[in-house]
file run.txt (compact mmCIF, C-alpha atoms)
# COMPACT_ATOMS: atom_id res chain seq x y z
CA MET A 24 73.28 -35.66 40.65
CA THR A 25 77.03 -35.35 40.01
CA GLU A 26 78.51 -35.36 36.51
CA ASN A 27 79.95 -38.85 37.17
CA GLU A 28 76.59 -40.20 38.24
CA LYS A 29 75.06 -38.76 35.09
CA GLU A 30 77.76 -40.40 33.00
CA ASN A 31 77.17 -43.74 34.75
CA ASN A 32 73.49 -43.49 34.07
CA LEU A 33 74.20 -43.21 30.37
CA SER A 34 75.06 -46.90 30.29
CA ARG A 35 72.16 -48.00 32.43
CA SER A 36 69.31 -47.53 30.02
CA LYS A 37 67.52 -50.85 30.44
CA PRO A 38 63.95 -51.45 29.34
CA GLN A 39 61.34 -51.58 32.10
CA SER A 40 60.22 -55.06 33.12
CA PRO A 41 56.54 -55.79 32.46
CA ASP A 42 55.84 -56.29 36.20
CA LEU A 43 57.26 -52.94 37.10
CA GLU A 44 55.17 -51.36 34.39
CA SER A 45 51.96 -52.89 35.67
CA LEU A 46 52.83 -51.64 39.13
CA LEU A 47 53.54 -48.18 37.77
CA ASP A 48 50.26 -48.18 35.88
CA ARG A 49 48.30 -49.32 38.94
CA LEU A 50 50.02 -46.83 41.23
CA ALA A 51 49.39 -43.91 38.91
CA HIS A 52 45.72 -44.88 38.62
CA ASP A 53 45.23 -45.38 42.34
CA LEU A 54 47.01 -42.18 43.35
CA ARG A 55 44.74 -40.12 41.13
CA SER A 56 41.72 -40.41 43.36
CA PRO A 57 43.21 -39.21 46.70
CA LEU A 58 45.05 -36.48 44.84
CA ARG A 59 41.82 -35.30 43.26
CA SER A 60 40.32 -35.14 46.76
CA ILE A 61 43.19 -33.03 48.09
CA SER A 62 42.88 -30.65 45.18
CA SER A 63 39.08 -30.42 45.39
CA TYR A 64 39.09 -29.76 49.15
CA SER A 65 41.62 -26.98 48.70
CA GLU A 66 39.48 -25.45 45.94
CA ILE A 67 36.44 -25.55 48.22
CA LEU A 68 38.42 -24.06 51.11
CA LYS A 69 39.61 -21.21 48.94
CA GLU A 70 36.24 -20.49 47.45
CA GLU A 71 34.14 -20.72 50.58
CA TYR A 72 36.45 -19.84 53.46
CA SER A 73 38.71 -17.18 52.01
CA GLU A 74 36.61 -14.12 52.77
CA HIS A 75 36.60 -14.03 56.58
CA ARG A 76 38.13 -17.20 57.88
CA LEU A 77 41.50 -17.30 56.14
CA ASP A 78 44.26 -14.71 56.21
CA GLU A 79 46.75 -14.04 53.41
CA GLU A 80 49.23 -16.61 54.68
CA GLY A 81 46.51 -19.27 54.85
CA LEU A 82 45.41 -18.46 51.31
CA ARG A 83 48.97 -18.65 50.07
CA MET A 84 49.33 -22.10 51.60
CA ILE A 85 46.12 -23.27 49.95
CA ASP A 86 47.42 -22.01 46.61
CA ARG A 87 50.59 -24.04 47.16
CA ILE A 88 48.53 -27.15 47.95
CA SER A 89 46.58 -26.65 44.69
CA TYR A 90 49.72 -25.97 42.69
CA ASN A 91 51.53 -29.02 44.04
CA SER A 92 48.60 -31.37 43.61
CA LYS A 93 48.21 -30.24 39.99
CA LYS A 94 51.89 -30.84 39.48
CA MET A 95 51.59 -34.33 40.91
CA SER A 96 48.53 -35.00 38.81
CA HIS A 97 50.52 -34.03 35.72
CA LEU A 98 53.29 -36.40 36.78
CA LEU A 99 50.78 -39.26 37.16
CA GLU A 100 49.34 -38.51 33.72
CA GLN A 101 52.85 -38.61 32.29
CA ILE A 102 53.53 -41.98 33.93
CA LEU A 103 50.29 -43.34 32.50
CA SER A 104 51.22 -41.94 29.07
CA PHE A 105 54.60 -43.63 29.29
CA VAL A 106 53.07 -47.01 30.13
CA LYS A 107 50.34 -46.59 27.51
CA ALA A 108 52.80 -45.60 24.79
CA GLY A 109 54.40 -49.03 24.96
CA LYS A 110 51.25 -51.07 24.63
CA THR A 111 48.88 -49.03 22.46
CA GLU A 112 47.54 -50.99 19.50
CA LEU A 113 48.61 -49.37 16.26
CA ASN A 114 46.05 -48.08 13.83
CA ARG A 115 48.04 -47.28 10.71
CA THR A 116 46.65 -44.88 8.12
CA GLU A 117 48.00 -42.40 5.59
CA VAL A 118 49.03 -39.41 7.67
CA ASN A 119 49.89 -35.88 6.54
CA VAL A 120 52.84 -35.01 8.77
CA ASN A 121 52.39 -31.22 8.57
CA GLU A 122 48.75 -31.44 9.52
CA ILE A 123 49.53 -33.57 12.57
CA GLY A 124 52.42 -31.25 13.42
CA GLN A 125 50.07 -28.25 13.45
CA ARG A 126 47.66 -30.04 15.76
CA ALA A 127 50.42 -31.16 18.12
CA TRP A 128 51.82 -27.63 18.21
CA LYS A 129 48.43 -26.11 19.02
CA GLU A 130 48.04 -28.43 21.99
CA ALA A 131 51.59 -27.86 23.21
CA ILE A 132 51.26 -24.08 23.05
CA LYS A 133 48.02 -24.28 25.01
CA LYS A 134 49.79 -26.20 27.79
CA GLN A 135 52.88 -24.03 28.02
CA SER A 136 51.93 -20.56 26.98
CA SER A 137 54.21 -18.60 29.31
CA GLN A 138 56.75 -18.04 26.51
CA GLU A 139 56.25 -16.41 23.13
CA VAL A 140 57.34 -19.02 20.59
CA THR A 141 56.73 -19.31 16.87
CA LEU A 142 56.64 -22.45 14.77
CA THR A 143 57.75 -22.68 11.16
CA ILE A 144 56.92 -25.76 9.14
CA THR A 145 58.88 -26.61 6.00
CA GLY A 146 58.83 -29.60 3.67
CA SER A 147 56.00 -32.08 3.55
CA SER A 148 55.49 -35.79 3.66
CA ILE A 149 52.91 -38.50 3.99
CA LEU A 150 53.50 -41.36 6.38
CA ASN A 151 51.77 -44.67 6.88
CA THR A 152 51.62 -44.66 10.65
CA ASP A 153 49.42 -44.31 13.71
CA LYS A 154 48.06 -40.75 13.62
CA ASP A 155 47.37 -40.38 17.35
CA LEU A 156 50.73 -41.73 18.43
CA LEU A 157 52.58 -39.53 15.93
CA GLN A 158 50.70 -36.51 17.26
CA LYS A 159 51.60 -37.45 20.84
CA LEU A 160 55.24 -37.91 19.84
CA LEU A 161 55.44 -34.50 18.14
CA HIS A 162 53.54 -32.97 21.04
CA GLU A 163 56.14 -34.17 23.54
CA LEU A 164 59.00 -32.86 21.38
CA PHE A 165 57.28 -29.48 20.97
CA LEU A 166 56.66 -29.25 24.73
CA ASN A 167 60.34 -29.93 25.28
CA ALA A 168 61.33 -27.25 22.75
CA ILE A 169 59.03 -24.68 24.37
CA LEU A 170 60.19 -25.58 27.89
CA PHE A 171 63.82 -24.91 27.08
CA CYS A 172 63.28 -21.58 25.38
CA THR A 173 65.34 -18.67 26.63
CA SER A 174 63.97 -15.24 27.34
CA GLU A 175 66.97 -13.54 25.73
CA LYS A 176 65.98 -13.95 22.08
CA ALA A 177 62.96 -14.50 19.86
CA ASN A 178 62.04 -18.11 20.41
CA LYS A 179 61.68 -20.19 17.27
CA VAL A 180 60.85 -23.80 16.60
CA GLU A 181 61.18 -25.30 13.13
CA MET A 182 59.69 -28.53 11.94
CA ASN A 183 60.76 -30.09 8.69
CA SER A 184 59.84 -33.37 7.10
CA LYS A 185 61.19 -34.96 3.96
CA LYS A 186 61.43 -38.21 2.14
CA GLU A 187 65.00 -39.46 1.82
CA GLU A 188 66.39 -41.21 -1.25
CA ASP A 189 66.16 -44.60 0.46
CA GLY A 190 62.41 -44.07 0.97
CA SER A 191 62.62 -43.31 4.68
CA VAL A 192 60.94 -40.18 6.06
CA VAL A 193 62.81 -37.92 8.48
CA ILE A 194 61.07 -35.35 10.64
CA SER A 195 63.25 -32.82 12.40
CA ILE A 196 62.30 -30.41 15.18
CA LYS A 197 64.80 -27.68 15.89
CA ASP A 198 64.69 -24.98 18.52
CA ASN A 199 66.94 -22.06 19.38
CA GLY A 200 66.72 -22.62 23.14
CA VAL A 201 69.32 -23.39 25.79
CA GLY A 202 70.48 -26.68 24.23
CA PHE A 203 72.63 -29.26 26.00
CA GLU A 204 76.05 -30.83 25.82
CA ASN A 205 76.13 -33.48 23.13
CA ARG A 206 77.38 -36.14 25.55
CA TYR A 207 73.92 -36.11 27.17
CA LYS A 208 72.16 -36.89 23.90
CA GLU A 209 71.09 -40.36 25.09
CA PHE A 210 70.80 -39.57 28.77
CA ILE A 211 67.98 -37.08 28.12
CA PHE A 212 65.72 -39.89 26.86
CA GLN A 213 66.00 -41.88 30.07
CA LEU A 214 63.12 -42.07 32.49
CA PHE A 215 63.04 -39.35 35.19
CA GLN A 216 66.40 -37.88 34.12
CA ARG A 217 66.84 -34.14 34.01
CA LEU A 218 69.75 -31.85 33.19
CA HIS A 219 68.44 -28.82 35.04
CA ASN A 220 67.06 -27.95 38.48
CA MET A 221 63.30 -27.83 38.94
CA SER A 222 63.59 -24.11 39.76
CA GLN A 223 65.21 -23.41 36.37
CA TYR A 224 62.98 -25.52 34.15
CA GLU A 225 59.92 -27.38 35.32
CA GLY A 226 59.22 -30.93 34.25
CA ALA A 227 59.54 -34.37 35.70
CA GLY A 228 61.96 -35.77 33.15
CA LEU A 229 59.35 -37.93 31.47
CA GLY A 230 58.43 -36.13 28.23
CA LEU A 231 61.40 -37.28 26.17
CA SER A 232 61.14 -40.82 27.59
CA ILE A 233 57.55 -40.91 26.37
CA ALA A 234 58.68 -39.61 22.97
CA LYS A 235 61.37 -42.29 22.77
CA ARG A 236 58.95 -45.02 23.69
CA ILE A 237 56.40 -43.88 21.12
CA SER A 238 59.06 -43.78 18.42
CA GLU A 239 60.03 -47.37 19.29
CA ARG A 240 56.36 -48.38 19.11
CA LEU A 241 56.15 -46.76 15.67
CA ASN A 242 59.31 -48.55 14.58
CA ALA A 243 61.08 -45.20 14.13
CA ASP A 244 64.46 -43.94 15.38
CA LEU A 245 64.58 -40.86 17.56
CA TRP A 246 67.80 -39.04 18.36
CA ALA A 247 69.01 -35.61 19.34
CA GLU A 248 71.90 -33.28 18.63
CA SER A 249 72.78 -30.07 20.41
CA GLN A 250 75.33 -27.55 21.57
CA PRO A 251 74.81 -25.51 24.75
CA GLY A 252 73.39 -22.12 23.85
CA ASN A 253 72.71 -23.13 20.25
CA GLY A 254 69.41 -24.89 20.61
CA ALA A 255 68.59 -28.55 20.16
CA SER A 256 67.56 -30.66 17.17
CA PHE A 257 65.49 -33.80 17.40
CA TYR A 258 65.17 -36.23 14.50
CA ILE A 259 62.67 -38.99 13.92
CA SER A 260 63.39 -41.38 11.09
CA PHE A 261 60.63 -43.65 9.81
CA PRO A 262 61.77 -46.56 7.66
CA LYS A 263 60.42 -47.00 4.16
CA THR A 264 57.04 -48.73 4.22
CA LEU A 265 55.69 -50.89 1.40
CA MET B 125 4.58 -34.08 47.95
CA LYS B 126 7.12 -36.83 47.34
CA LEU B 127 10.38 -35.49 46.01
CA PRO B 128 12.13 -37.13 43.06
CA ILE B 129 15.04 -39.35 44.11
CA VAL B 130 18.66 -39.30 42.96
CA LEU B 131 20.47 -42.45 44.08
CA LEU B 132 24.22 -41.95 44.39
CA VAL B 133 26.20 -45.21 44.47
CA GLU B 134 29.72 -44.29 45.53
CA ASP B 135 32.18 -46.09 47.82
CA ASN B 136 34.56 -43.16 48.25
CA PRO B 137 33.16 -40.77 50.92
CA ASP B 138 35.18 -37.85 49.51
CA ASP B 139 33.76 -38.35 46.04
CA ALA B 140 30.26 -38.68 47.50
CA PHE B 141 30.82 -35.37 49.30
CA PHE B 142 32.01 -33.65 46.10
CA THR B 143 29.09 -34.98 44.05
CA GLU B 144 26.58 -33.87 46.69
CA ARG B 145 28.18 -30.45 46.82
CA ALA B 146 28.20 -30.14 43.03
CA LEU B 147 24.52 -31.16 42.88
CA LYS B 148 23.66 -28.51 45.46
CA LYS B 149 25.24 -25.82 43.27
CA GLY B 150 22.44 -26.38 40.74
CA ASN B 151 19.33 -24.20 40.35
CA ARG B 152 16.99 -26.67 42.01
CA LYS B 153 17.20 -28.32 45.37
CA ASP B 154 13.78 -29.96 45.42
CA PHE B 155 14.94 -33.54 45.07
CA GLU B 156 16.09 -36.14 47.56
CA LEU B 157 19.67 -37.41 47.37
CA VAL B 158 20.04 -40.94 48.69
CA LYS B 159 23.65 -42.02 49.17
CA VAL B 160 24.75 -45.64 49.41
CA ASN B 161 28.30 -46.92 49.87
CA ASN B 162 28.38 -49.70 47.30
CA ALA B 163 26.42 -51.63 44.68
CA ILE B 164 25.14 -54.26 47.16
CA GLU B 165 23.63 -51.49 49.30
CA ALA B 166 22.11 -49.98 46.17
CA LEU B 167 20.38 -53.28 45.33
CA GLU B 168 19.16 -53.54 48.93
CA TYR B 169 17.78 -50.00 48.70
CA ILE B 170 15.96 -50.61 45.41
CA PHE B 171 14.64 -54.16 45.83
CA GLU B 172 12.38 -55.72 48.37
CA ASN B 173 13.00 -59.10 46.78
CA ILE B 174 15.52 -59.16 43.99
CA GLU B 175 14.76 -62.75 42.85
CA GLU B 176 11.15 -61.81 42.24
CA GLY B 177 12.14 -58.41 40.88
CA LYS B 178 10.02 -56.72 43.55
CA VAL B 179 10.89 -53.05 43.94
CA LYS B 180 10.52 -51.05 47.17
CA ASN B 181 12.24 -47.79 46.19
CA ARG B 182 12.46 -46.61 42.61
CA PRO B 183 14.99 -43.81 42.12
CA ASP B 184 14.32 -41.37 39.28
CA ILE B 185 17.97 -41.52 38.31
CA ILE B 186 21.08 -43.36 39.50
CA LEU B 187 24.57 -41.82 39.60
CA LEU B 188 26.91 -44.79 39.60
CA ASP B 189 30.61 -45.22 40.31
CA LEU B 190 32.33 -48.12 38.55
CA ASN B 191 35.24 -49.24 40.70
CA MET B 192 33.70 -50.52 43.90
CA PRO B 193 34.51 -53.49 46.12
CA LYS B 194 32.42 -56.71 46.15
CA MET B 195 30.28 -55.74 43.16
CA SER B 196 31.47 -53.43 40.40
CA GLY B 197 29.31 -50.74 38.87
CA VAL B 198 29.13 -52.71 35.61
CA GLU B 199 27.86 -55.83 37.42
CA PHE B 200 25.26 -53.72 39.19
CA LEU B 201 24.22 -52.22 35.88
CA ARG B 202 23.81 -55.66 34.29
CA LYS B 203 21.63 -56.76 37.20
CA LEU B 204 19.50 -53.62 37.07
CA LYS B 205 18.98 -53.88 33.31
CA SER B 206 18.08 -57.58 33.49
CA ILE B 207 15.04 -56.96 35.67
CA ASN B 208 11.78 -55.78 34.08
CA ALA B 209 10.85 -53.43 36.88
CA THR B 210 14.16 -51.54 36.83
CA PHE B 211 15.63 -51.80 33.33
CA ASP B 212 14.34 -48.34 32.39
CA ILE B 213 15.76 -46.44 35.38
CA PRO B 214 18.19 -43.93 33.86
CA VAL B 215 21.80 -44.39 34.93
CA ILE B 216 24.72 -41.98 34.65
CA ILE B 217 28.26 -43.17 35.30
CA LEU B 218 30.58 -41.02 37.42
CA THR B 219 34.03 -42.54 37.38
CA THR B 220 37.75 -41.95 37.14
CA SER B 221 38.05 -44.81 34.63
CA MET B 222 38.96 -43.69 31.13
CA ALA B 223 39.13 -47.29 29.93
CA GLU B 224 37.41 -47.54 26.58
CA GLU B 225 36.10 -51.04 27.30
CA ASP B 226 34.28 -49.76 30.43
CA MET B 227 32.73 -46.94 28.44
CA VAL B 228 31.63 -49.21 25.58
CA GLU B 229 30.15 -51.82 27.91
CA CYS B 230 28.24 -49.20 29.92
CA TYR B 231 26.77 -47.61 26.79
CA ASN B 232 25.84 -51.07 25.49
CA LEU B 233 23.97 -51.57 28.75
CA GLY B 234 21.96 -48.42 28.06
CA ILE B 235 23.42 -45.72 30.28
CA LYS B 236 22.46 -42.11 29.62
CA ASN B 237 25.87 -40.53 30.12
CA TYR B 238 29.44 -41.40 31.10
CA ILE B 239 31.30 -38.73 33.08
CA VAL B 240 35.02 -39.03 33.79
CA LYS B 241 35.49 -37.06 37.00
CA PRO B 242 37.80 -34.17 36.13
CA PHE B 243 40.68 -33.22 38.39
CA GLU B 244 39.48 -29.68 39.14
CA PHE B 245 36.41 -29.34 41.34
CA GLN B 246 35.10 -26.34 39.36
CA ARG B 247 35.14 -28.43 36.20
CA PHE B 248 33.41 -31.25 38.05
CA ILE B 249 30.62 -28.85 39.03
CA GLN B 250 30.28 -27.85 35.37
CA GLU B 251 30.12 -31.49 34.29
CA ILE B 252 27.43 -32.23 36.88
CA GLN B 253 25.42 -29.18 35.72
CA GLN B 254 25.69 -30.31 32.12
CA ILE B 255 24.52 -33.87 32.72
CA GLY B 256 20.96 -32.70 32.15
CA LEU B 257 19.67 -34.27 35.34
CA TYR B 258 16.51 -32.23 35.68
CA PRO B 259 14.48 -33.69 32.79
CA TYR B 260 14.75 -37.07 34.52
CA LEU B 261 13.72 -35.64 37.89
CA PHE B 262 11.03 -33.14 36.93
CA LYS B 263 9.42 -34.83 33.93
CA ASN B 264 6.17 -32.86 33.92
CA ASP B 265 7.53 -29.66 35.37
CA HIS B 266 8.10 -26.98 32.77
CA ARG B 267 9.48 -24.36 35.11
CA LYS B 268 12.85 -22.94 34.17
CA LEU B 269 15.27 -25.73 35.02
call {"tool": "encode", "arguments": {"input": "run.txt", "output": "structure tokens"}}
result
Amino acid sequence: MTENEKENNLSRSKPQSPDLESLLDRLAHDLRSPLRSISSYSEILKEEYSEHRLDEEGLRMIDRISYNSKKMSHLLEQILSFVKAGKTELNRTEVNVNEIGQRAWKEAIKKQSSQEVTLTITGSSILNTDKDLLQKLLHELFLNAILFCTSEKANKVEMNSKKEEDGSVVISIKDNGVGFENRYKEFIFQLFQRLHNMSQYEGAGLGLSIAKRISERLNADLWAESQPGNGASFYISFPKTL
Amino acid sequence: MKLPIVLLVEDNPDDAFFTERALKKGNRKDFELVKVNNAIEALEYIFENIEEGKVKNRPDIILLDLNMPKMSGVEFLRKLKSINATFDIPVIILTTSMAEEDMVECYNLGIKNYIVKPFEFQRFIQEIQQIGLYPYLFKNDHRKL
């Protein structure tokens, strides 16, 4: 995509129509089954045919089939998460933000463990919100922070939460990764939009869209600030609740 | 000697193949696997006369898919559980559906287990091994299962 096209896309952030969402949901569900078959057959081929009936090239191709079907499966799960995030019924309880942050981090690190990254948590706050959705939201932001780590320095992610004077609660997640130009700060939340090539950083461009959608569902604001090379900061602001 | 029967109700031939393969990875092979393509065929296999509740083949356990054409797995389950002669046949759901309402309804109808088919075949084999199928098939057999 050219820079101009990216710029144009900045003003085209329209909400999905309900019909399109149902279609997306249905498609993602229905594609799961044939994809699972492709992946399972390639696993069986590798396990049972690799010794005498497949040469190195054949095995490499089977590995690529497995890799690509897993990737597609992940994409389908992300699409389903996106759709689900908009229609999940809220179950509000008193939530300890740091506790949920720890859990979300644990899950994120398990998924993307290729980089050495440390998390520091400062501040503390209690929110009246949906615990599962908050965890999913933090999880997506942590995955994003880990994904855009650089290998040149010690990778750090910091989470802070605090209650503001007006009663709102702000959670921030800061990383010291590659960052992005500030003019893309809204573009990055759009569905399927990416700022980097697949070969540089993997990802389908859905994680931050899911995060944005969850924040809207939780009646919170989510925004980002960054400078290239200086990491990125994401903020979630929850309004004061009675 | 008559072998215990596992009835697999699955409309997707690939999934039927994977389930059969996963079952064969287990320690014991001394059971008969009967495969049918949908819930209607399953009823035809089990009942001689469904109105009278007359049974011709009684499986020891049923592995049931949920999303099938003509009659869903849940409808089949309701039918099975409404008939005296078949209400106690153990049923295990094998599905891709993670919908909570499906799960709740199936458990309310008395299923033994609800397995969401995992993406990786190796994990599917593990799930099948962990179902605990053998106690239903070899009730009085205390050999190492």
call {"tool": "interface_residues", "arguments": {"input": "run.txt", "of": "chain B", "to": "chain A", "cutoff": "12 Å", "atoms": "all atoms listed in the file", "output": "PDB file with C-alpha atoms, in the coordinates of the input"}}
result
ATOM      1  CA  ASP B 135      32.180 -46.090  47.820  1.00  0.00           C
ATOM      2  CA  ASN B 136      34.560 -43.160  48.250  1.00  0.00           C
ATOM      3  CA  PRO B 137      33.160 -40.770  50.920  1.00  0.00           C
ATOM      4  CA  ASP B 138      35.180 -37.850  49.510  1.00  0.00           C
ATOM      5  CA  ASP B 139      33.760 -38.350  46.040  1.00  0.00           C
ATOM      6  CA  ALA B 140      30.260 -38.680  47.500  1.00  0.00           C
ATOM      7  CA  PHE B 141      30.820 -35.370  49.300  1.00  0.00           C
ATOM      8  CA  PHE B 142      32.010 -33.650  46.100  1.00  0.00           C
ATOM      9  CA  THR B 143      29.090 -34.980  44.050  1.00  0.00           C
ATOM     10  CA  ARG B 145      28.180 -30.450  46.820  1.00  0.00           C
ATOM     11  CA  ALA B 146      28.200 -30.140  43.030  1.00  0.00           C
ATOM     12  CA  ASN B 191      35.240 -49.240  40.700  1.00  0.00           C
ATOM     13  CA  THR B 219      34.030 -42.540  37.380  1.00  0.00           C
ATOM     14  CA  THR B 220      37.750 -41.950  37.140  1.00  0.00           C
ATOM     15  CA  SER B 221      38.050 -44.810  34.630  1.00  0.00           C
ATOM     16  CA  MET B 222      38.960 -43.690  31.130  1.00  0.00           C
ATOM     17  CA  ALA B 223      39.130 -47.290  29.930  1.00  0.00           C
ATOM     18  CA  VAL B 240      35.020 -39.030  33.790  1.00  0.00           C
ATOM     19  CA  LYS B 241      35.490 -37.060  37.000  1.00  0.00           C
ATOM     20  CA  PRO B 242      37.800 -34.170  36.130  1.00  0.00           C
ATOM     21  CA  PHE B 243      40.680 -33.220  38.390  1.00  0.00           C
ATOM     22  CA  GLU B 244      39.480 -29.680  39.140  1.00  0.00           C
ATOM     23  CA  PHE B 245      36.410 -29.340  41.340  1.00  0.00           C
ATOM     24  CA  GLN B 246      35.100 -26.340  39.360  1.00  0.00           C
ATOM     25  CA  ARG B 247      35.140 -28.430  36.200  1.00  0.00           C
ATOM     26  CA  PHE B 248      33.410 -31.250  38.050  1.00  0.00           C
ATOM     27  CA  ILE B 249      30.620 -28.850  39.030  1.00  0.00           C
TER      28      ILE B 249
END
call {"tool": "residues_around", "arguments": {"input": "run.txt", "residues": "Phe155 in chain B", "least_positions_apart": "6", "cutoff": "10 Å", "atoms": "all atoms listed in the file", "output": "JSON, numbers by chain"}}
result
{"B": [126, 127, 128, 129, 130, 184, 258, 261, 262]}
call {"tool": "atom_distance", "arguments": {"input": "run.txt", "atom1": "CA of Thr116 in chain A", "atom2": "CA of Lys154 in chain A"}}
result
7.0 Å
call {"tool": "residues_around", "arguments": {"input": "run.txt", "residues": "Ile194 in chain A", "least_positions_apart": "5", "cutoff": "12 Å", "atoms": "all atoms listed in the file", "output": "PyMOL selection string"}}
result
chain A and resi 119-121+123-124+144-150+157+160-161+164+181-187+238+243-247+256-262
call {"tool": "residues_around", "arguments": {"input": "run.txt", "residues": "range 102-112 of chain A", "least_positions_apart": "5", "cutoff": "7 Å", "atoms": "all atoms listed in the file", "output": "PyMOL selection string"}}
result
chain A and resi 44+48+51+233+236-237+240
call {"tool": "atom_distance", "arguments": {"input": "run.txt", "atom1": "CA of Gly256 in chain B", "atom2": "CA of Phe211 in chain B"}}
result
19.9 Å
call {"tool": "axis_aligned_box", "arguments": {"input": "run.txt", "around": "range 252-261 of chain A", "padding_each_side": "6 Å", "output": "AutoDock Vina command-line options"}}
result
--center_x 67.0 --center_y -32.9 --center_z 16.8 --size_x 24.8 --size_y 33.5 --size_z 26.0
call {"tool": "atom_distance", "arguments": {"input": "run.txt", "atom1": "CA of Ala127 in chain A", "atom2": "CA of Glu251 in chain B"}}
result
26.0 Å
call {"tool": "residues_around", "arguments": {"input": "run.txt", "residues": "Lys205 in chain B", "least_positions_apart": "4", "cutoff": "12 Å", "atoms": "all atoms listed in the file", "output": "PyMOL selection string"}}
result
chain B and resi 177+198-201+209-215+230-235
call {"tool": "residues_around", "arguments": {"input": "run.txt", "residues": "Pro193 in chain B", "least_positions_apart": "5", "cutoff": "10 Å", "atoms": "all atoms listed in the file", "output": "ChimeraX atom specification"}}
result
/B:135,161-164
call {"tool": "closest_residue", "arguments": {"input": "run.txt", "among": "B:Leu218, B:Arg202, B:Lys194, B:Glu225", "to": "Ile252 in chain B", "atoms": "all atoms listed in the file"}}
result
B:Leu218
call {"tool": "closest_residue", "arguments": {"input": "run.txt", "among": "B:Glu172, B:Glu134, B:Asp189, B:Glu144", "to": "Gln253 in chain B", "atoms": "all atoms listed in the file"}}
result
B:Glu144
call {"tool": "closest_residue", "arguments": {"input": "run.txt", "among": "A:Lys235, A:Arg115, A:Lys69, A:Lys197", "to": "Phe171 in chain A", "atoms": "only C-alpha atoms"}}
result
A:Lys197
